[in-house]
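Take a look at the structure set out below.
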Amino acid sequence: MVDDGVVAVEHPAPQSVVGVDRGVVVAVATSAGQLIDAAFSTPAERRRVARLQRRLSRCAKGSANRNKVRAQLADLRARERRRREDFCAKTAHDLARDHALVVLEDLRTRNMTRRAKPVADPDNPGAFLPNGASAKSGLNKSILGKGWHRLELALISAARYTGTEIVKVPAAWTSQRCSVCGQVDPKSRESQAVYRCTHCAYSGHADVNAASNILAAGLAVTACEAPRRPAGRRGTLKQEPAGNREELLLHTA
């Protein structure tokens, strides 16, 4: 990173906090109930990509036609990439401008988007067992397509200009825990979008519920760590979190 001489400033709204959940259907969900998403390619562009990929598979390697098709595909993908980068930059700017504390899941996107390892069939040498590679490939494309890591980098960059603190917390159970009663039950996640707690009467959007849990975890961290640290860094805990989930979430009321 190049030092541009920016000096840390105090955020104009020091009490404003938000939790952010990154998803594969909706790019960003916040604990305030916002669902932020955008299409980075049009249906016509996706159809054209599919046609070009079929043409590419039929072209002879090293031929002029193959190079031409590859250049057309690269142009379409670059267009999609620029739209994604613009979305991430604008979303990060809005979050950093409006909130003094932004809490994210600590996601290792590089590890999460690795290919599924082949599983050798012990009873049939040279053959392999099903390993879910097709489903894993689709998930990898969805994660990369929503720009999870790009959004995190954009937030850390924007935070330097607004005085926003970026906190990252473990992702475990955030999508299965009820943000109201704290009960963890995989059955409460009825679908990708619906969360209905099996323990209490709470129901809502699953990603918003996860964002609320992320925020609660971030507030617990900031309540018991050393003084403010640079954006995106982890602090050192000095005592156990004080208060319960309801007290921590009072800041968002």
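By convention in this document, the chains of the structure tokens carry letters A, B, ... by their order, each chain's residues are numbered from 1, and ligands are numbered from 1 in the order they are shown.
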
>> Using only C-alpha atoms, which protein or nucleic acid residues come within 12 Å of Ser134 (chain A)? Drop anything in the same chain fewer than 6 positions from it, and give the result as a PyMOL selection string.
In response: chain A and resi 115-118+140-141

Would you export the selected residues with C-alpha atoms as a PDB file, in the first residue's frame, please?
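Full text of selection.pdb as output:
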ATOM      1  CA  ARG A 115     -11.095 -26.644  -6.132  1.00  0.00           C
ATOM      2  CA  ALA A 116     -12.477 -29.760  -4.495  1.00  0.00           C
ATOM      3  CA  LYS A 117      -9.759 -32.387  -4.122  1.00  0.00           C
ATOM      4  CA  PRO A 118     -10.244 -35.605  -6.117  1.00  0.00           C
ATOM      5  CA  ASN A 140     -16.684 -20.747  -5.988  1.00  0.00           C
ATOM      6  CA  LYS A 141     -18.030 -18.774  -8.963  1.00  0.00           C
TER       7      LYS A 141
END

>> List as a count of residues only the protein and nucleic acid residues near Pro170 (chain A), meaning an atom at most 8 Å away when only C-alpha atoms are counted, but skip any in the same chain fewer than 6 places from it.
In response: 3

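Shortest atom-to-atom contact with Arg79 (chain A) among A:Ala216, A:Ala39, A:Leu139, A:Ala159: A:Ala39, counting only C-alpha atoms.
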
> Which of region 8-243 of chain A counts as strand (DSSP E) under DSSP, as a VMD selection string please?
Replying inline: chain A and resid 17 to 22 28 to 30 35 to 36 101 to 105 119 to 120 128 to 129 165 to 169 194 to 196 203 to 205

May I have the residues within 10 Å of Arg22 (chain A) as a PDB file with N, CA and C atoms, in the first residue's frame, using only C-alpha atoms and disregarding those fewer than 2 positions away in the same chain?
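Wrote out.pdb, looks like this:
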ATOM      1  N   VAL A  20     -22.087  -6.610   8.820  1.00  0.00           N
ATOM      2  CA  VAL A  20     -22.212  -6.861   7.382  1.00  0.00           C
ATOM      3  C   VAL A  20     -22.041  -8.354   7.107  1.00  0.00           C
ATOM      4  N   VAL A  24     -24.042 -15.085  -1.360  1.00  0.00           N
ATOM      5  CA  VAL A  24     -23.881 -15.499  -2.750  1.00  0.00           C
ATOM      6  C   VAL A  24     -25.110 -15.158  -3.594  1.00  0.00           C
ATOM      7  N   VAL A  25     -26.232 -14.837  -2.945  1.00  0.00           N
ATOM      8  CA  VAL A  25     -27.425 -14.396  -3.670  1.00  0.00           C
ATOM      9  C   VAL A  25     -27.557 -12.887  -3.577  1.00  0.00           C
ATOM     10  N   VAL A  26     -27.545 -12.359  -2.360  1.00  0.00           N
ATOM     11  CA  VAL A  26     -27.484 -10.921  -2.125  1.00  0.00           C
ATOM     12  C   VAL A  26     -26.064 -10.605  -1.675  1.00  0.00           C
ATOM     13  N   ALA A  27     -25.407  -9.706  -2.357  1.00  0.00           N
ATOM     14  CA  ALA A  27     -23.988  -9.451  -2.097  1.00  0.00           C
ATOM     15  C   ALA A  27     -23.738  -8.991  -0.677  1.00  0.00           C
ATOM     16  N   VAL A  28     -24.566  -8.052  -0.191  1.00  0.00           N
ATOM     17  CA  VAL A  28     -24.346  -7.457   1.137  1.00  0.00           C
ATOM     18  C   VAL A  28     -25.669  -7.335   1.863  1.00  0.00           C
ATOM     19  N   ALA A  29     -25.707  -7.831   3.095  1.00  0.00           N
ATOM     20  CA  ALA A  29     -26.847  -7.622   3.992  1.00  0.00           C
ATOM     21  C   ALA A  29     -26.306  -6.988   5.265  1.00  0.00           C
ATOM     22  N   THR A  30     -26.999  -5.989   5.792  1.00  0.00           N
ATOM     23  CA  THR A  30     -26.535  -5.320   6.996  1.00  0.00           C
ATOM     24  C   THR A  30     -27.476  -5.589   8.158  1.00  0.00           C
ATOM     25  N   ILE A  36     -28.159  -5.135  -0.210  1.00  0.00           N
ATOM     26  CA  ILE A  36     -27.484  -4.384  -1.269  1.00  0.00           C
ATOM     27  C   ILE A  36     -26.940  -5.368  -2.291  1.00  0.00           C
ATOM     28  N   LEU A 104     -17.244  -7.351  10.080  1.00  0.00           N
ATOM     29  CA  LEU A 104     -17.293  -8.337   9.010  1.00  0.00           C
ATOM     30  C   LEU A 104     -16.949  -9.717   9.553  1.00  0.00           C
ATOM     31  N   GLU A 105     -17.367 -10.740   8.828  1.00  0.00           N
ATOM     32  CA  GLU A 105     -16.885 -12.082   9.113  1.00  0.00           C
ATOM     33  C   GLU A 105     -15.441 -12.203   8.636  1.00  0.00           C
ATOM     34  N   LEU A 107     -13.360 -14.043   6.778  1.00  0.00           N
ATOM     35  CA  LEU A 107     -13.461 -15.078   5.755  1.00  0.00           C
ATOM     36  C   LEU A 107     -12.140 -15.207   4.997  1.00  0.00           C
ATOM     37  N   ILE A 143     -19.095 -16.944  -5.058  1.00  0.00           N
ATOM     38  CA  ILE A 143     -18.315 -16.154  -4.104  1.00  0.00           C
ATOM     39  C   ILE A 143     -17.459 -15.128  -4.825  1.00  0.00           C
ATOM     40  N   LYS A 146     -19.474 -12.224  -6.481  1.00  0.00           N
ATOM     41  CA  LYS A 146     -20.013 -11.171  -5.611  1.00  0.00           C
ATOM     42  C   LYS A 146     -18.922 -10.266  -5.036  1.00  0.00           C
ATOM     43  N   GLY A 147     -17.664 -10.618  -5.256  1.00  0.00           N
ATOM     44  CA  GLY A 147     -16.569  -9.732  -4.843  1.00  0.00           C
ATOM     45  C   GLY A 147     -16.389  -9.624  -3.343  1.00  0.00           C
ATOM     46  N   TRP A 148     -16.446 -10.755  -2.625  1.00  0.00           N
ATOM     47  CA  TRP A 148     -16.317 -10.713  -1.165  1.00  0.00           C
ATOM     48  C   TRP A 148     -15.008 -10.067  -0.722  1.00  0.00           C
ATOM     49  N   HIS A 149     -13.899 -10.531  -1.282  1.00  0.00           N
ATOM     50  CA  HIS A 149     -12.598 -10.006  -0.864  1.00  0.00           C
ATOM     51  C   HIS A 149     -12.413  -8.569  -1.341  1.00  0.00           C
ATOM     52  N   LEU A 151     -14.699  -6.299  -1.629  1.00  0.00           N
ATOM     53  CA  LEU A 151     -15.449  -5.426  -0.738  1.00  0.00           C
ATOM     54  C   LEU A 151     -14.677  -5.178   0.552  1.00  0.00           C
ATOM     55  N   GLU A 152     -14.067  -6.216   1.087  1.00  0.00           N
ATOM     56  CA  GLU A 152     -13.284  -6.049   2.315  1.00  0.00           C
ATOM     57  C   GLU A 152     -12.122  -5.087   2.106  1.00  0.00           C
ATOM     58  N   ASP A 207     -30.031 -13.503   5.986  1.00  0.00           N
ATOM     59  CA  ASP A 207     -28.776 -12.753   5.898  1.00  0.00           C
ATOM     60  C   ASP A 207     -28.757 -11.585   6.877  1.00  0.00           C
ATOM     61  N   ALA A 210     -27.983 -13.017  10.226  1.00  0.00           N
ATOM     62  CA  ALA A 210     -26.544 -13.291  10.329  1.00  0.00           C
ATOM     63  C   ALA A 210     -25.759 -12.002  10.563  1.00  0.00           C
ATOM     64  N   ALA A 211     -26.146 -10.927   9.880  1.00  0.00           N
ATOM     65  CA  ALA A 211     -25.459  -9.646  10.062  1.00  0.00           C
ATOM     66  C   ALA A 211     -25.617  -9.133  11.487  1.00  0.00           C
TER      67      ALA A 211
END

> Looking at A:Asn65, A:Ser179, A:Thr222, A:Ser203, which one is nearest to Val102 (chain A), with distances taken over only C-alpha atoms?
Replying inline: A:Thr222

> Can you list, as a list in words, every protein, DNA or RNA residue that comes within 9 Å of region 51-62 of chain A when you count only C-alpha atoms, leaving out same-chain residues fewer than 5 positions away?
Replying inline: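 Answer for this query is Arg46, Asn67, Val69, Arg70, Gln72 and Leu73 of chain A.
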
>> Give me the residues near region 82-85 of chain A as a PyMOL selection string, where near means some atom within 10 Å (using only C-alpha atoms) and where sequence neighbours in that chain fewer than 4 positions away do not count.
In response: chain A and resi 38-41+77-78+89-91+145-147+150-151+154

>> Can you pull out every residue from region 3-47 of chain A that DSSP, working from the backbone, puts in alpha helix (DSSP H), and format the result as a VMD selection string?
In response: chain A and resid 43 to 47

Residue selection dump (N, CA and C atoms) as a CSV table (one decimal), in the first residue's frame:
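The resulting selection_13.csv:
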chain,number,residue,atom,x,y,z
A,43,PRO,N,-28.3,-10.2,-19.0
A,43,PRO,CA,-28.6,-11.5,-19.6
A,43,PRO,C,-28.1,-11.7,-21.0
A,44,ALA,N,-28.1,-10.6,-21.8
A,44,ALA,CA,-27.5,-10.7,-23.2
A,44,ALA,C,-26.0,-11.0,-23.1
A,45,GLU,N,-25.3,-10.4,-22.2
A,45,GLU,CA,-23.9,-10.6,-22.1
A,45,GLU,C,-23.6,-12.0,-21.6
A,46,ARG,N,-24.4,-12.6,-20.7
A,46,ARG,CA,-24.2,-13.9,-20.3
A,46,ARG,C,-24.5,-14.9,-21.4
A,47,ARG,N,-25.5,-14.6,-22.2
A,47,ARG,CA,-25.7,-15.5,-23.4
A,47,ARG,C,-24.6,-15.4,-24.3

>> Applying 12 Å and only C-alpha atoms, which residues near Pro186 (chain A) remain after dropping the ones on its own chain fewer than 3 positions away? List them as a PyMOL selection string.
In response: chain A and resi 173-178+183+189-192+195-199+206

Selection export as an mmCIF file, in the first residue's frame, atoms kept: N, CA and C atoms:
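Now in out_8.cif:
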data_model
loop_
_atom_site.group_PDB
_atom_site.id
_atom_site.type_symbol
_atom_site.label_atom_id
_atom_site.label_comp_id
_atom_site.auth_asym_id
_atom_site.auth_seq_id
_atom_site.Cartn_x
_atom_site.Cartn_y
_atom_site.Cartn_z
ATOM 1 N N TRP A 173 -21.235 -20.264 13.075
ATOM 2 C CA TRP A 173 -22.596 -20.255 13.617
ATOM 3 C C TRP A 173 -23.360 -18.953 13.383
ATOM 4 N N THR A 174 -22.790 -17.964 12.726
ATOM 5 C CA THR A 174 -23.505 -16.693 12.564
ATOM 6 C C THR A 174 -24.780 -16.851 11.747
ATOM 7 N N SER A 175 -24.820 -17.818 10.835
ATOM 8 C CA SER A 175 -26.012 -18.000 10.004
ATOM 9 C C SER A 175 -27.042 -18.914 10.648
ATOM 10 N N GLN A 176 -26.655 -19.626 11.711
ATOM 11 C CA GLN A 176 -27.566 -20.570 12.359
ATOM 12 C C GLN A 176 -28.029 -20.102 13.734
ATOM 13 N N ARG A 177 -27.427 -19.040 14.254
ATOM 14 C CA ARG A 177 -27.782 -18.529 15.584
ATOM 15 C C ARG A 177 -28.888 -17.481 15.476
ATOM 16 N N CYS A 178 -29.849 -17.557 16.379
ATOM 17 C CA CYS A 178 -30.908 -16.554 16.429
ATOM 18 C C CYS A 178 -30.350 -15.273 17.031
ATOM 19 N N GLN A 183 -30.181 -18.884 20.377
ATOM 20 C CA GLN A 183 -30.249 -20.333 20.161
ATOM 21 C C GLN A 183 -29.628 -20.698 18.815
ATOM 22 N N ARG A 189 -32.681 -22.217 9.880
ATOM 23 C CA ARG A 189 -32.401 -21.664 8.551
ATOM 24 C C ARG A 189 -33.237 -22.449 7.547
ATOM 25 N N GLU A 190 -34.474 -21.990 7.337
ATOM 26 C CA GLU A 190 -35.404 -22.725 6.492
ATOM 27 C C GLU A 190 -34.986 -22.736 5.028
ATOM 28 N N SER A 191 -34.412 -21.628 4.568
ATOM 29 C CA SER A 191 -33.975 -21.526 3.176
ATOM 30 C C SER A 191 -32.869 -20.498 3.109
ATOM 31 N N GLN A 192 -32.436 -20.207 1.896
ATOM 32 C CA GLN A 192 -31.374 -19.225 1.746
ATOM 33 C C GLN A 192 -31.787 -17.871 2.307
ATOM 34 N N TYR A 195 -35.164 -17.114 7.810
ATOM 35 C CA TYR A 195 -34.730 -17.626 9.106
ATOM 36 C C TYR A 195 -35.920 -17.565 10.053
ATOM 37 N N ARG A 196 -36.278 -18.712 10.625
ATOM 38 C CA ARG A 196 -37.378 -18.774 11.585
ATOM 39 C C ARG A 196 -36.908 -19.590 12.778
ATOM 40 N N CYS A 197 -36.693 -18.921 13.894
ATOM 41 C CA CYS A 197 -36.122 -19.558 15.077
ATOM 42 C C CYS A 197 -37.047 -20.651 15.601
ATOM 43 N N THR A 198 -36.474 -21.807 15.903
ATOM 44 C CA THR A 198 -37.247 -22.925 16.442
ATOM 45 C C THR A 198 -37.412 -22.825 17.955
ATOM 46 N N HIS A 199 -36.763 -21.814 18.555
ATOM 47 C CA HIS A 199 -36.798 -21.679 20.013
ATOM 48 C C HIS A 199 -37.672 -20.516 20.467
ATOM 49 N N ALA A 206 -32.696 -14.279 6.508
ATOM 50 C CA ALA A 206 -31.585 -15.045 7.063
ATOM 51 C C ALA A 206 -30.278 -14.255 7.042
#

> Of the candidates A:Ala133, A:Leu101, A:Ala50, A:Arg66, which one gets nearest to Thr164 (chain A) if we count only C-alpha atoms?
Replying inline: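 Of A:Ala133, A:Leu101, A:Ala50, A:Arg66, the one nearest Thr164 (chain A) is A:Leu101, counting only C-alpha atoms.
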
> Which is closer to Ala13 (chain A) than all the others in A:Asp98, A:Asp121, A:Asp86, A:Asp185, using only C-alpha atoms?
Replying inline: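 With only C-alpha atoms as the atom set, the closest residue is A:Asp98.
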
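Among the candidates A:Gly33, A:Leu76, A:Cys224, A:Gly23, the one nearest to Arg48 (chain A) when counting only C-alpha atoms is A:Leu76.
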
>> Can you measure CA of Ala172 (chain A) to CA of Ala223 (chain A) for me? One decimal in Å is fine.
In response: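 CA of Ala172 (chain A) sits 20.0 Å away from CA of Ala223 (chain A).
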
>> Nearest residue to Val17 (chain A) out of A:Leu35, A:Ala74, A:Leu144, A:Val103, using only C-alpha atoms?
In response: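 Ranking A:Leu35, A:Ala74, A:Leu144, A:Val103 by distance to Val17 (chain A), first place goes to A:Val103.
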
> Between CA of Ala171 (chain A) and CA of Leu215 (chain A), what is the distance, to one decimal in Å?
Replying inline: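 These atoms are spaced 11.4 Å apart.
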